[in-house]
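One file, entry.txt, is given below (compact mmCIF, N, CA and C atoms).
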```
# COMPACT_ATOMS: atom_id res chain seq x y z
N VAL A 938 -4.06 14.78 9.13
CA VAL A 938 -3.20 13.77 8.50
C VAL A 938 -3.60 13.63 7.03
N GLN A 939 -2.60 13.53 6.17
CA GLN A 939 -2.86 13.39 4.74
C GLN A 939 -1.89 12.36 4.16
N LEU A 940 -2.43 11.51 3.29
CA LEU A 940 -1.62 10.54 2.56
C LEU A 940 -1.69 10.88 1.08
N VAL A 941 -0.56 10.95 0.43
CA VAL A 941 -0.52 11.31 -0.99
C VAL A 941 0.30 10.26 -1.74
N GLU A 942 -0.38 9.55 -2.66
CA GLU A 942 0.32 8.56 -3.49
C GLU A 942 0.93 9.24 -4.71
N SER A 943 2.01 8.66 -5.19
CA SER A 943 2.64 9.13 -6.43
C SER A 943 3.39 7.97 -7.07
N GLY A 944 3.78 8.16 -8.31
CA GLY A 944 4.59 7.15 -8.99
C GLY A 944 3.85 6.31 -10.00
N GLY A 945 2.54 6.49 -10.10
CA GLY A 945 1.79 5.73 -11.08
C GLY A 945 2.09 6.17 -12.50
N GLY A 946 1.60 5.39 -13.45
CA GLY A 946 1.80 5.74 -14.85
C GLY A 946 1.48 4.57 -15.74
N VAL A 947 1.88 4.70 -16.99
CA VAL A 947 1.70 3.64 -17.99
C VAL A 947 3.03 2.93 -18.17
N VAL A 948 3.03 1.64 -17.96
CA VAL A 948 4.25 0.83 -18.11
C VAL A 948 3.94 -0.39 -18.95
N GLN A 949 4.96 -1.00 -19.46
CA GLN A 949 4.78 -2.19 -20.28
C GLN A 949 4.79 -3.45 -19.42
N ALA A 950 4.15 -4.48 -19.91
CA ALA A 950 4.14 -5.76 -19.20
C ALA A 950 5.58 -6.22 -18.98
N GLY A 951 5.84 -6.68 -17.76
CA GLY A 951 7.17 -7.12 -17.39
C GLY A 951 8.01 -6.06 -16.71
N ASP A 952 7.57 -4.80 -16.81
CA ASP A 952 8.31 -3.71 -16.19
C ASP A 952 8.08 -3.68 -14.68
N SER A 953 8.85 -2.84 -14.02
CA SER A 953 8.70 -2.59 -12.58
C SER A 953 8.25 -1.16 -12.36
N LEU A 954 7.65 -0.93 -11.22
CA LEU A 954 7.18 0.41 -10.87
C LEU A 954 7.24 0.54 -9.36
N ARG A 955 7.60 1.73 -8.93
CA ARG A 955 7.68 2.00 -7.48
C ARG A 955 6.70 3.11 -7.15
N LEU A 956 5.72 2.79 -6.33
CA LEU A 956 4.75 3.77 -5.86
C LEU A 956 5.19 4.30 -4.50
N SER A 957 4.90 5.55 -4.27
CA SER A 957 5.24 6.17 -2.99
C SER A 957 4.00 6.71 -2.31
N CYS A 958 4.00 6.64 -1.00
CA CYS A 958 2.93 7.21 -0.18
C CYS A 958 3.61 8.17 0.80
N THR A 959 3.43 9.45 0.55
CA THR A 959 4.00 10.46 1.44
C THR A 959 2.96 10.81 2.50
N VAL A 960 3.38 10.74 3.74
CA VAL A 960 2.46 10.97 4.86
C VAL A 960 2.76 12.32 5.49
N PHE A 961 1.72 13.11 5.65
CA PHE A 961 1.82 14.43 6.26
C PHE A 961 1.01 14.45 7.55
N GLY A 962 1.60 15.02 8.61
CA GLY A 962 0.85 15.24 9.83
C GLY A 962 1.09 14.23 10.93
N ILE A 963 1.81 13.14 10.63
CA ILE A 963 2.10 12.14 11.65
C ILE A 963 3.32 11.35 11.20
N ASP A 964 4.15 10.96 12.14
CA ASP A 964 5.34 10.17 11.81
C ASP A 964 4.95 8.75 11.45
N ILE A 965 5.55 8.22 10.39
CA ILE A 965 5.13 6.91 9.90
C ILE A 965 5.46 5.79 10.87
N TYR A 966 6.35 6.01 11.81
CA TYR A 966 6.66 4.92 12.74
C TYR A 966 5.46 4.59 13.62
N ARG A 967 4.50 5.54 13.67
CA ARG A 967 3.30 5.34 14.48
C ARG A 967 2.22 4.60 13.71
N LEU A 968 2.49 4.25 12.46
CA LEU A 968 1.44 3.74 11.59
C LEU A 968 1.69 2.33 11.07
N ILE A 969 0.63 1.58 10.92
CA ILE A 969 0.57 0.43 10.03
C ILE A 969 0.12 0.99 8.67
N VAL A 970 0.86 0.70 7.63
CA VAL A 970 0.51 1.21 6.30
C VAL A 970 0.18 0.04 5.39
N GLY A 971 -0.94 0.16 4.71
CA GLY A 971 -1.37 -0.86 3.76
C GLY A 971 -1.46 -0.29 2.36
N TRP A 972 -1.34 -1.17 1.38
CA TRP A 972 -1.54 -0.81 -0.02
C TRP A 972 -2.68 -1.65 -0.58
N PHE A 973 -3.55 -0.99 -1.32
CA PHE A 973 -4.70 -1.62 -1.94
C PHE A 973 -4.76 -1.17 -3.40
N ARG A 974 -5.59 -1.85 -4.16
CA ARG A 974 -5.86 -1.39 -5.52
C ARG A 974 -7.31 -1.70 -5.87
N GLN A 975 -7.80 -0.94 -6.85
CA GLN A 975 -9.16 -1.15 -7.33
C GLN A 975 -9.18 -1.00 -8.84
N ALA A 976 -9.54 -2.09 -9.49
CA ALA A 976 -9.68 -2.08 -10.94
C ALA A 976 -11.12 -1.72 -11.29
N PRO A 977 -11.36 -1.22 -12.50
CA PRO A 977 -12.73 -0.85 -12.90
C PRO A 977 -13.69 -2.03 -12.75
N GLY A 978 -14.81 -1.76 -12.08
CA GLY A 978 -15.82 -2.78 -11.92
C GLY A 978 -15.51 -3.83 -10.87
N LYS A 979 -14.43 -3.66 -10.15
CA LYS A 979 -14.05 -4.64 -9.13
C LYS A 979 -13.96 -3.99 -7.76
N GLU A 980 -13.98 -4.82 -6.73
CA GLU A 980 -13.84 -4.31 -5.38
C GLU A 980 -12.38 -3.98 -5.08
N ARG A 981 -12.19 -3.12 -4.11
CA ARG A 981 -10.84 -2.78 -3.69
C ARG A 981 -10.21 -4.01 -3.04
N GLU A 982 -8.97 -4.31 -3.42
CA GLU A 982 -8.33 -5.50 -2.89
C GLU A 982 -7.02 -5.16 -2.19
N PHE A 983 -6.74 -5.93 -1.16
CA PHE A 983 -5.53 -5.77 -0.38
C PHE A 983 -4.33 -6.29 -1.14
N LEU A 984 -3.20 -5.57 -1.02
CA LEU A 984 -1.96 -6.00 -1.63
C LEU A 984 -0.86 -6.28 -0.61
N ALA A 985 -0.69 -5.36 0.34
CA ALA A 985 0.44 -5.48 1.25
C ALA A 985 0.23 -4.56 2.45
N ALA A 986 0.88 -4.91 3.55
CA ALA A 986 0.88 -4.05 4.73
C ALA A 986 2.15 -4.33 5.52
N ASP A 987 2.61 -3.33 6.24
CA ASP A 987 3.82 -3.56 7.03
C ASP A 987 3.72 -2.95 8.41
N LYS A 988 4.76 -3.23 9.20
CA LYS A 988 4.82 -2.84 10.62
C LYS A 988 3.66 -3.47 11.38
N LEU A 989 3.47 -4.76 11.11
CA LEU A 989 2.42 -5.51 11.79
C LEU A 989 2.93 -5.98 13.15
N ARG A 990 2.20 -6.92 13.74
CA ARG A 990 2.48 -7.29 15.12
C ARG A 990 3.93 -7.73 15.33
N ASP A 991 4.47 -8.47 14.38
CA ASP A 991 5.85 -8.94 14.52
C ASP A 991 6.85 -7.96 13.91
N GLY A 992 6.35 -6.79 13.54
CA GLY A 992 7.20 -5.78 12.91
C GLY A 992 7.42 -6.01 11.44
N GLY A 993 6.89 -7.11 10.93
CA GLY A 993 7.11 -7.47 9.54
C GLY A 993 5.97 -7.06 8.62
N ALA A 994 6.02 -7.59 7.41
CA ALA A 994 5.06 -7.24 6.38
C ALA A 994 4.33 -8.49 5.90
N ARG A 995 3.18 -8.27 5.28
CA ARG A 995 2.42 -9.34 4.66
C ARG A 995 2.05 -8.91 3.24
N TYR A 996 2.07 -9.86 2.32
CA TYR A 996 1.79 -9.57 0.92
C TYR A 996 0.85 -10.62 0.35
N VAL A 997 0.08 -10.20 -0.67
CA VAL A 997 -0.68 -11.20 -1.42
C VAL A 997 0.24 -11.90 -2.41
N ASP A 998 1.32 -11.26 -2.80
CA ASP A 998 2.28 -11.85 -3.72
C ASP A 998 3.67 -11.32 -3.36
N SER A 999 4.33 -12.04 -2.49
CA SER A 999 5.64 -11.58 -2.02
C SER A 999 6.71 -11.69 -3.09
N ASN A 1000 6.41 -12.42 -4.17
CA ASN A 1000 7.39 -12.52 -5.25
C ASN A 1000 7.43 -11.26 -6.09
N ARG A 1001 6.35 -10.48 -6.08
CA ARG A 1001 6.28 -9.32 -6.96
C ARG A 1001 6.16 -7.99 -6.21
N PHE A 1002 5.72 -8.03 -4.95
CA PHE A 1002 5.50 -6.79 -4.20
C PHE A 1002 6.40 -6.72 -2.98
N SER A 1003 6.89 -5.55 -2.67
CA SER A 1003 7.63 -5.36 -1.42
C SER A 1003 7.46 -3.92 -0.94
N ILE A 1004 7.41 -3.77 0.36
CA ILE A 1004 7.23 -2.46 0.99
C ILE A 1004 8.54 -2.01 1.60
N SER A 1005 8.80 -0.72 1.51
CA SER A 1005 9.95 -0.16 2.20
C SER A 1005 9.56 1.20 2.77
N ARG A 1006 10.36 1.66 3.72
CA ARG A 1006 10.07 2.94 4.37
C ARG A 1006 11.31 3.83 4.36
N ASP A 1007 11.06 5.11 4.22
CA ASP A 1007 12.08 6.13 4.40
C ASP A 1007 11.60 7.02 5.53
N ASN A 1008 12.07 6.74 6.72
CA ASN A 1008 11.58 7.48 7.88
C ASN A 1008 11.96 8.95 7.82
N ALA A 1009 13.10 9.25 7.24
CA ALA A 1009 13.54 10.64 7.16
C ALA A 1009 12.59 11.46 6.29
N LYS A 1010 12.06 10.84 5.23
CA LYS A 1010 11.16 11.54 4.32
C LYS A 1010 9.68 11.28 4.63
N ASN A 1011 9.44 10.39 5.59
CA ASN A 1011 8.06 10.03 5.95
C ASN A 1011 7.31 9.44 4.75
N VAL A 1012 7.98 8.55 4.06
CA VAL A 1012 7.43 7.94 2.85
C VAL A 1012 7.45 6.41 2.99
N VAL A 1013 6.33 5.79 2.58
CA VAL A 1013 6.25 4.33 2.49
C VAL A 1013 6.07 3.98 1.02
N SER A 1014 6.89 3.11 0.50
CA SER A 1014 6.87 2.79 -0.92
C SER A 1014 6.46 1.34 -1.16
N LEU A 1015 5.86 1.13 -2.32
CA LEU A 1015 5.49 -0.21 -2.77
C LEU A 1015 6.23 -0.48 -4.08
N GLN A 1016 7.14 -1.43 -4.05
CA GLN A 1016 7.84 -1.85 -5.25
C GLN A 1016 7.06 -2.97 -5.91
N MET A 1017 6.78 -2.80 -7.20
CA MET A 1017 6.01 -3.81 -7.95
C MET A 1017 6.85 -4.26 -9.13
N ASP A 1018 7.03 -5.55 -9.26
CA ASP A 1018 7.85 -6.12 -10.33
C ASP A 1018 7.00 -7.00 -11.24
N SER A 1019 7.54 -7.25 -12.42
CA SER A 1019 6.89 -8.16 -13.38
C SER A 1019 5.42 -7.81 -13.57
N LEU A 1020 5.17 -6.55 -13.87
CA LEU A 1020 3.79 -6.09 -13.99
C LEU A 1020 3.07 -6.74 -15.16
N LYS A 1021 1.76 -6.95 -14.97
CA LYS A 1021 0.91 -7.61 -15.95
C LYS A 1021 -0.27 -6.70 -16.28
N PRO A 1022 -0.93 -6.93 -17.40
CA PRO A 1022 -2.11 -6.11 -17.71
C PRO A 1022 -3.17 -6.16 -16.61
N GLU A 1023 -3.29 -7.29 -15.94
CA GLU A 1023 -4.28 -7.39 -14.86
C GLU A 1023 -3.91 -6.60 -13.62
N ASP A 1024 -2.73 -6.00 -13.60
CA ASP A 1024 -2.34 -5.11 -12.51
C ASP A 1024 -2.87 -3.69 -12.73
N THR A 1025 -3.49 -3.45 -13.86
CA THR A 1025 -4.06 -2.13 -14.14
C THR A 1025 -5.15 -1.81 -13.13
N ALA A 1026 -4.98 -0.69 -12.43
CA ALA A 1026 -5.91 -0.33 -11.35
C ALA A 1026 -5.49 1.02 -10.79
N VAL A 1027 -6.34 1.55 -9.92
CA VAL A 1027 -5.96 2.69 -9.09
C VAL A 1027 -5.39 2.11 -7.79
N TYR A 1028 -4.21 2.59 -7.41
CA TYR A 1028 -3.52 2.07 -6.23
C TYR A 1028 -3.62 3.08 -5.10
N TYR A 1029 -3.96 2.58 -3.94
CA TYR A 1029 -4.17 3.42 -2.76
C TYR A 1029 -3.26 3.00 -1.62
N CYS A 1030 -2.77 3.96 -0.87
CA CYS A 1030 -2.17 3.64 0.41
C CYS A 1030 -3.15 4.03 1.51
N ALA A 1031 -3.06 3.33 2.61
CA ALA A 1031 -3.94 3.55 3.74
C ALA A 1031 -3.13 3.37 5.02
N ALA A 1032 -3.62 3.97 6.09
CA ALA A 1032 -2.87 3.89 7.34
C ALA A 1032 -3.78 3.77 8.53
N ALA A 1033 -3.27 3.10 9.55
CA ALA A 1033 -3.95 2.98 10.83
C ALA A 1033 -2.92 3.17 11.93
N LEU A 1034 -3.34 3.75 13.02
CA LEU A 1034 -2.41 3.91 14.13
C LEU A 1034 -1.97 2.54 14.62
N ARG A 1035 -0.69 2.45 14.91
CA ARG A 1035 -0.09 1.18 15.33
C ARG A 1035 -0.30 0.99 16.82
N THR A 1036 -1.57 0.79 17.20
CA THR A 1036 -1.91 0.58 18.60
C THR A 1036 -1.89 -0.91 18.92
N SER A 1037 -1.93 -1.22 20.20
CA SER A 1037 -1.92 -2.63 20.60
C SER A 1037 -3.19 -3.33 20.09
N ASP A 1038 -4.32 -2.63 20.13
CA ASP A 1038 -5.57 -3.23 19.63
C ASP A 1038 -5.46 -3.54 18.15
N ALA A 1039 -4.90 -2.60 17.38
CA ALA A 1039 -4.77 -2.79 15.94
C ALA A 1039 -3.85 -3.96 15.65
N LEU A 1040 -2.77 -4.05 16.39
CA LEU A 1040 -1.80 -5.12 16.14
C LEU A 1040 -2.41 -6.48 16.44
N VAL A 1041 -3.20 -6.57 17.49
CA VAL A 1041 -3.78 -7.84 17.89
C VAL A 1041 -4.93 -8.24 16.97
N SER A 1042 -5.65 -7.25 16.44
CA SER A 1042 -6.86 -7.55 15.66
C SER A 1042 -6.56 -8.36 14.41
N GLY A 1043 -5.41 -8.10 13.80
CA GLY A 1043 -5.08 -8.85 12.60
C GLY A 1043 -5.93 -8.51 11.39
N GLY A 1044 -6.62 -7.36 11.43
CA GLY A 1044 -7.55 -7.04 10.35
C GLY A 1044 -6.95 -6.22 9.22
N TYR A 1045 -5.65 -6.27 9.08
CA TYR A 1045 -4.96 -5.38 8.15
C TYR A 1045 -5.33 -5.61 6.69
N GLN A 1046 -5.96 -6.72 6.35
CA GLN A 1046 -6.37 -6.97 4.96
C GLN A 1046 -7.73 -6.35 4.63
N ASN A 1047 -8.38 -5.80 5.63
CA ASN A 1047 -9.73 -5.26 5.45
C ASN A 1047 -9.69 -3.75 5.29
N ASN A 1048 -10.54 -3.24 4.38
CA ASN A 1048 -10.61 -1.80 4.17
C ASN A 1048 -10.88 -1.04 5.46
N ASN A 1049 -11.82 -1.55 6.27
CA ASN A 1049 -12.26 -0.79 7.44
C ASN A 1049 -11.27 -0.84 8.60
N PHE A 1050 -10.16 -1.53 8.42
CA PHE A 1050 -9.09 -1.50 9.43
C PHE A 1050 -8.39 -0.14 9.42
N TYR A 1051 -8.43 0.52 8.28
CA TYR A 1051 -7.68 1.76 8.09
C TYR A 1051 -8.62 2.95 8.13
N ASP A 1052 -8.19 4.01 8.77
CA ASP A 1052 -9.02 5.21 8.84
C ASP A 1052 -8.37 6.41 8.15
N MET A 1053 -7.25 6.19 7.48
CA MET A 1053 -6.60 7.25 6.70
C MET A 1053 -6.30 6.68 5.32
N TRP A 1054 -6.74 7.40 4.29
CA TRP A 1054 -6.59 6.94 2.91
C TRP A 1054 -6.08 8.06 2.02
N GLY A 1055 -5.26 7.68 1.04
CA GLY A 1055 -4.91 8.61 -0.01
C GLY A 1055 -5.95 8.60 -1.11
N ARG A 1056 -5.74 9.44 -2.12
CA ARG A 1056 -6.71 9.54 -3.21
C ARG A 1056 -6.41 8.56 -4.35
N GLY A 1057 -5.25 7.96 -4.31
CA GLY A 1057 -4.94 6.95 -5.31
C GLY A 1057 -4.07 7.46 -6.45
N THR A 1058 -3.40 6.51 -7.09
CA THR A 1058 -2.61 6.81 -8.28
C THR A 1058 -2.85 5.70 -9.30
N GLN A 1059 -3.03 6.09 -10.55
CA GLN A 1059 -3.39 5.14 -11.59
C GLN A 1059 -2.15 4.42 -12.12
N VAL A 1060 -2.27 3.11 -12.23
CA VAL A 1060 -1.24 2.30 -12.89
C VAL A 1060 -1.91 1.58 -14.05
N THR A 1061 -1.34 1.72 -15.22
CA THR A 1061 -1.89 1.09 -16.42
C THR A 1061 -0.82 0.25 -17.09
N VAL A 1062 -1.16 -1.01 -17.34
CA VAL A 1062 -0.27 -1.92 -18.03
C VAL A 1062 -1.01 -2.41 -19.27
N PRO A 1063 -0.76 -1.83 -20.43
CA PRO A 1063 -1.50 -2.21 -21.63
C PRO A 1063 -1.25 -3.67 -22.02
N SER A 1064 -2.29 -4.28 -22.55
CA SER A 1064 -2.15 -5.67 -23.00
C SER A 1064 -1.62 -5.74 -24.43
```

Structure rendered as structure tokens:
Amino acid sequence: VQLVESGGGVVQAGDSLRLSCTVFGIDIYRLIVGWFRQAPGKEREFLAADKLRDGGARYVDSNRFSISRDNAKNVVSLQMDSLKPEDTAVYYCAAALRTSDALVSGGYQNNNFYDMWGRGTQVTVPS
């Protein structure tokens, strides 16, 4: 299984950006997919995850982030709006099998909940 992020780049404050996570080797309907980011000198932080126990998604900021899926292309995307300089970071997608244990655990905000990770894509918002 391989996860590959794309769509990062340099954008201006206030712009929007759509990141994609292409999944190889497993159908995304079998997965809980999370998005994280890590800024220089900071810990990796949770942003969003979907296909949770109720089939829905959770966000740290639902006003600016949203997840969508393209099952035909096996891609999970993160739409980010109103970007700020503090959004500058490497963005990662991660995945865990959507098992009953995973759904009940509720640990989707934790790094160790996921056992599949991409290599990340850089997003830079100059101040």

**Prompt:** atom CA of A:Leu1040 to atom CA of A:Arg990: how many Å, to one decimal?
**Reply:**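 Distance between the two atoms: 4.9 Å.
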
**Item:** Non-local contacts of A:Met1017 (7 Å; only C-alpha atoms; under 3 positions in same chain excluded) as a list in words
**Value:**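 In the requested form, the answer reads Ser953, Leu954, Arg955, Arg1001, Phe1002, Ser1003 and Leu1020 of chain A.
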
**Item:** Within 7 Å of file point (5.9, 7.0, -5.0), counting all atoms listed in the file, expressed as JSON, numbers by chain
**Value:** {"A": [942, 943, 944, 945, 955, 956, 957, 958, 959, 1013, 1014, 1015]}

**Long-range neighbours of stretch 1056-1061 of chain A as a ChimeraX atom specification, 6 Å cut-off, all atoms listed in the file, 3 positions minimum in chain** = /A:940-943,945-948,1024-1030

Next, write the just-selected residues to a file, as a CSV table (one decimal), in the frame of the given file, keeping N, CA and C atoms as the atom set.
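Just written: part27.csv:
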```csv
chain,number,residue,atom,x,y,z
A,940,LEU,N,-2.4,11.5,3.3
A,940,LEU,CA,-1.6,10.5,2.6
A,940,LEU,C,-1.7,10.9,1.1
A,941,VAL,N,-0.6,11.0,0.4
A,941,VAL,CA,-0.5,11.3,-1.0
A,941,VAL,C,0.3,10.3,-1.7
A,942,GLU,N,-0.4,9.6,-2.7
A,942,GLU,CA,0.3,8.6,-3.5
A,942,GLU,C,0.9,9.2,-4.7
A,943,SER,N,2.0,8.7,-5.2
A,943,SER,CA,2.6,9.1,-6.4
A,943,SER,C,3.4,8.0,-7.1
A,945,GLY,N,2.5,6.5,-10.1
A,945,GLY,CA,1.8,5.7,-11.1
A,945,GLY,C,2.1,6.2,-12.5
A,946,GLY,N,1.6,5.4,-13.4
A,946,GLY,CA,1.8,5.7,-14.8
A,946,GLY,C,1.5,4.6,-15.7
A,947,VAL,N,1.9,4.7,-17.0
A,947,VAL,CA,1.7,3.6,-18.0
A,947,VAL,C,3.0,2.9,-18.2
A,948,VAL,N,3.0,1.6,-18.0
A,948,VAL,CA,4.2,0.8,-18.1
A,948,VAL,C,3.9,-0.4,-19.0
A,1024,ASP,N,-2.7,-6.0,-13.6
A,1024,ASP,CA,-2.3,-5.1,-12.5
A,1024,ASP,C,-2.9,-3.7,-12.7
A,1025,THR,N,-3.5,-3.4,-13.9
A,1025,THR,CA,-4.1,-2.1,-14.1
A,1025,THR,C,-5.2,-1.8,-13.1
A,1026,ALA,N,-5.0,-0.7,-12.4
A,1026,ALA,CA,-5.9,-0.3,-11.4
A,1026,ALA,C,-5.5,1.0,-10.8
A,1027,VAL,N,-6.3,1.6,-9.9
A,1027,VAL,CA,-6.0,2.7,-9.1
A,1027,VAL,C,-5.4,2.1,-7.8
A,1028,TYR,N,-4.2,2.6,-7.4
A,1028,TYR,CA,-3.5,2.1,-6.2
A,1028,TYR,C,-3.6,3.1,-5.1
A,1029,TYR,N,-4.0,2.6,-3.9
A,1029,TYR,CA,-4.2,3.4,-2.8
A,1029,TYR,C,-3.3,3.0,-1.6
A,1030,CYS,N,-2.8,4.0,-0.9
A,1030,CYS,CA,-2.2,3.6,0.4
A,1030,CYS,C,-3.2,4.0,1.5
```

**Asked** Closest to A:Asn1048 among A:Val938, A:Pro977, A:Glu982, A:Asp964, using all atoms listed in the file?
**Response**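 Of A:Val938, A:Pro977, A:Glu982, A:Asp964, the one nearest A:Asn1048, counting all atoms listed in the file, is A:Glu982.
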
**Prompt:** Looking only at the backbone, which of the residues in stretch 966-1012 of chain A does DSSP tag as strand (DSSP E), as JSON, numbers by chain?
**Reply:** {"A": [968, 969, 970, 971, 972, 973, 974, 975, 982, 983, 984, 985, 986, 987, 995, 996, 1002, 1003, 1004, 1005, 1006, 1007, 1012]}

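Atom to atom, atom C of A:Asp1052 and atom CA of A:Ala1033 stand 6.2 Å apart.
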
Using only N, CA and C atoms, which residues sit within 8 Å of A:Val970 once same-chain residues fewer than 3 positions away are excluded, as an mmCIF file with N, CA and C atoms, keeping the file's coordinate frame?
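Written out: part25.cif:
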```cif
data_model
loop_
_atom_site.group_PDB
_atom_site.id
_atom_site.type_symbol
_atom_site.label_atom_id
_atom_site.label_comp_id
_atom_site.auth_asym_id
_atom_site.auth_seq_id
_atom_site.Cartn_x
_atom_site.Cartn_y
_atom_site.Cartn_z
ATOM 1 N N ILE A 965 5.550 8.220 10.390
ATOM 2 C CA ILE A 965 5.130 6.910 9.900
ATOM 3 C C ILE A 965 5.460 5.790 10.870
ATOM 4 N N ARG A 967 4.500 5.540 13.670
ATOM 5 C CA ARG A 967 3.300 5.340 14.480
ATOM 6 C C ARG A 967 2.220 4.600 13.710
ATOM 7 N N PHE A 973 -3.550 -0.990 -1.320
ATOM 8 C CA PHE A 973 -4.700 -1.620 -1.940
ATOM 9 C C PHE A 973 -4.760 -1.170 -3.400
ATOM 10 N N ALA A 985 -0.690 -5.360 0.340
ATOM 11 C CA ALA A 985 0.440 -5.480 1.250
ATOM 12 C C ALA A 985 0.230 -4.560 2.450
ATOM 13 N N ALA A 986 0.880 -4.910 3.550
ATOM 14 C CA ALA A 986 0.880 -4.050 4.730
ATOM 15 C C ALA A 986 2.150 -4.330 5.520
ATOM 16 N N ASP A 987 2.610 -3.330 6.240
ATOM 17 C CA ASP A 987 3.820 -3.560 7.030
ATOM 18 C C ASP A 987 3.720 -2.950 8.410
ATOM 19 N N LYS A 988 4.760 -3.230 9.200
ATOM 20 C CA LYS A 988 4.820 -2.840 10.620
ATOM 21 C C LYS A 988 3.660 -3.470 11.380
ATOM 22 N N LEU A 989 3.470 -4.760 11.110
ATOM 23 C CA LEU A 989 2.420 -5.510 11.790
ATOM 24 C C LEU A 989 2.930 -5.980 13.150
ATOM 25 N N VAL A 1013 6.330 5.790 2.580
ATOM 26 C CA VAL A 1013 6.250 4.330 2.490
ATOM 27 C C VAL A 1013 6.070 3.980 1.020
ATOM 28 N N CYS A 1030 -2.770 3.960 -0.870
ATOM 29 C CA CYS A 1030 -2.170 3.640 0.410
ATOM 30 C C CYS A 1030 -3.150 4.030 1.510
ATOM 31 N N ALA A 1031 -3.060 3.330 2.610
ATOM 32 C CA ALA A 1031 -3.940 3.550 3.740
ATOM 33 C C ALA A 1031 -3.130 3.370 5.020
ATOM 34 N N ALA A 1032 -3.620 3.970 6.090
ATOM 35 C CA ALA A 1032 -2.870 3.890 7.340
ATOM 36 C C ALA A 1032 -3.780 3.770 8.530
ATOM 37 N N ALA A 1033 -3.270 3.100 9.550
ATOM 38 C CA ALA A 1033 -3.950 2.980 10.830
ATOM 39 C C ALA A 1033 -2.920 3.170 11.930
ATOM 40 N N LEU A 1034 -3.340 3.750 13.020
ATOM 41 C CA LEU A 1034 -2.410 3.910 14.130
ATOM 42 C C LEU A 1034 -1.970 2.540 14.620
ATOM 43 N N ARG A 1035 -0.690 2.450 14.910
ATOM 44 C CA ARG A 1035 -0.090 1.180 15.330
ATOM 45 C C ARG A 1035 -0.300 0.990 16.820
ATOM 46 N N TYR A 1045 -5.650 -6.270 9.080
ATOM 47 C CA TYR A 1045 -4.960 -5.380 8.150
ATOM 48 C C TYR A 1045 -5.330 -5.610 6.690
#
```

**Request:** Please indicate the distance in Å from atom CA of A:Asn1008 to atom CA of A:Leu984, rounded to one decimal place.
**Result:**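 Value for the atom CA of A:Asn1008-atom CA of A:Leu984 distance: 21.3 Å.
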
**Request:** Please run DSSP on the backbone and report, as a PyMOL selection string, all residues within stretch 955-1053 of chain A that come out as helix (DSSP H, G or I).
**Result:** chain A and resi 965-967+1022-1024+1037-1042+1048-1050

With N, CA and C atoms retained, could you export that selection as a tab-separated table (two decimals), in the coordinates of the input?
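The resulting file, again00.tsv, is reproduced below:
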```tsv
chain	number	residue	atom	x	y	z
A	965	ILE	N	5.55	8.22	10.39
A	965	ILE	CA	5.13	6.91	9.90
A	965	ILE	C	5.46	5.79	10.87
A	966	TYR	N	6.35	6.01	11.81
A	966	TYR	CA	6.66	4.92	12.74
A	966	TYR	C	5.46	4.59	13.62
A	967	ARG	N	4.50	5.54	13.67
A	967	ARG	CA	3.30	5.34	14.48
A	967	ARG	C	2.22	4.60	13.71
A	1022	PRO	N	-0.93	-6.93	-17.40
A	1022	PRO	CA	-2.11	-6.11	-17.71
A	1022	PRO	C	-3.17	-6.16	-16.61
A	1023	GLU	N	-3.29	-7.29	-15.94
A	1023	GLU	CA	-4.28	-7.39	-14.86
A	1023	GLU	C	-3.91	-6.60	-13.62
A	1024	ASP	N	-2.73	-6.00	-13.60
A	1024	ASP	CA	-2.34	-5.11	-12.51
A	1024	ASP	C	-2.87	-3.69	-12.73
A	1037	SER	N	-1.93	-1.22	20.20
A	1037	SER	CA	-1.92	-2.63	20.60
A	1037	SER	C	-3.19	-3.33	20.09
A	1038	ASP	N	-4.32	-2.63	20.13
A	1038	ASP	CA	-5.57	-3.23	19.63
A	1038	ASP	C	-5.46	-3.54	18.15
A	1039	ALA	N	-4.90	-2.60	17.38
A	1039	ALA	CA	-4.77	-2.79	15.94
A	1039	ALA	C	-3.85	-3.96	15.65
A	1040	LEU	N	-2.77	-4.05	16.39
A	1040	LEU	CA	-1.80	-5.12	16.14
A	1040	LEU	C	-2.41	-6.48	16.44
A	1041	VAL	N	-3.20	-6.57	17.49
A	1041	VAL	CA	-3.78	-7.84	17.89
A	1041	VAL	C	-4.93	-8.24	16.97
A	1042	SER	N	-5.65	-7.25	16.44
A	1042	SER	CA	-6.86	-7.55	15.66
A	1042	SER	C	-6.56	-8.36	14.41
A	1048	ASN	N	-10.54	-3.24	4.38
A	1048	ASN	CA	-10.61	-1.80	4.17
A	1048	ASN	C	-10.88	-1.04	5.46
A	1049	ASN	N	-11.82	-1.55	6.27
A	1049	ASN	CA	-12.26	-0.79	7.44
A	1049	ASN	C	-11.27	-0.84	8.60
A	1050	PHE	N	-10.16	-1.53	8.42
A	1050	PHE	CA	-9.09	-1.50	9.43
A	1050	PHE	C	-8.39	-0.14	9.42
```

Taking all atoms of stretch 993-1005 of chain A that the file lists and extending 3 Å past them on each side, where is the centre of the axis-aligned box and how long are its edges? Answer in Å to one decimal, as AutoDock Vina command-line options.
```
--center_x 4.6 --center_y -5.7 --center_z 2.0 --size_x 16.6 --size_y 19.7 --size_z 23.9
```

**Item:** Best match for closeness to A:Glu1023 among A:Gly1043, A:Gly962, A:Gly992, A:Pro1063, counting all atoms listed in the file
**Value:**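 Comparing A:Gly1043, A:Gly962, A:Gly992, A:Pro1063 against A:Glu1023, the winner is A:Pro1063.
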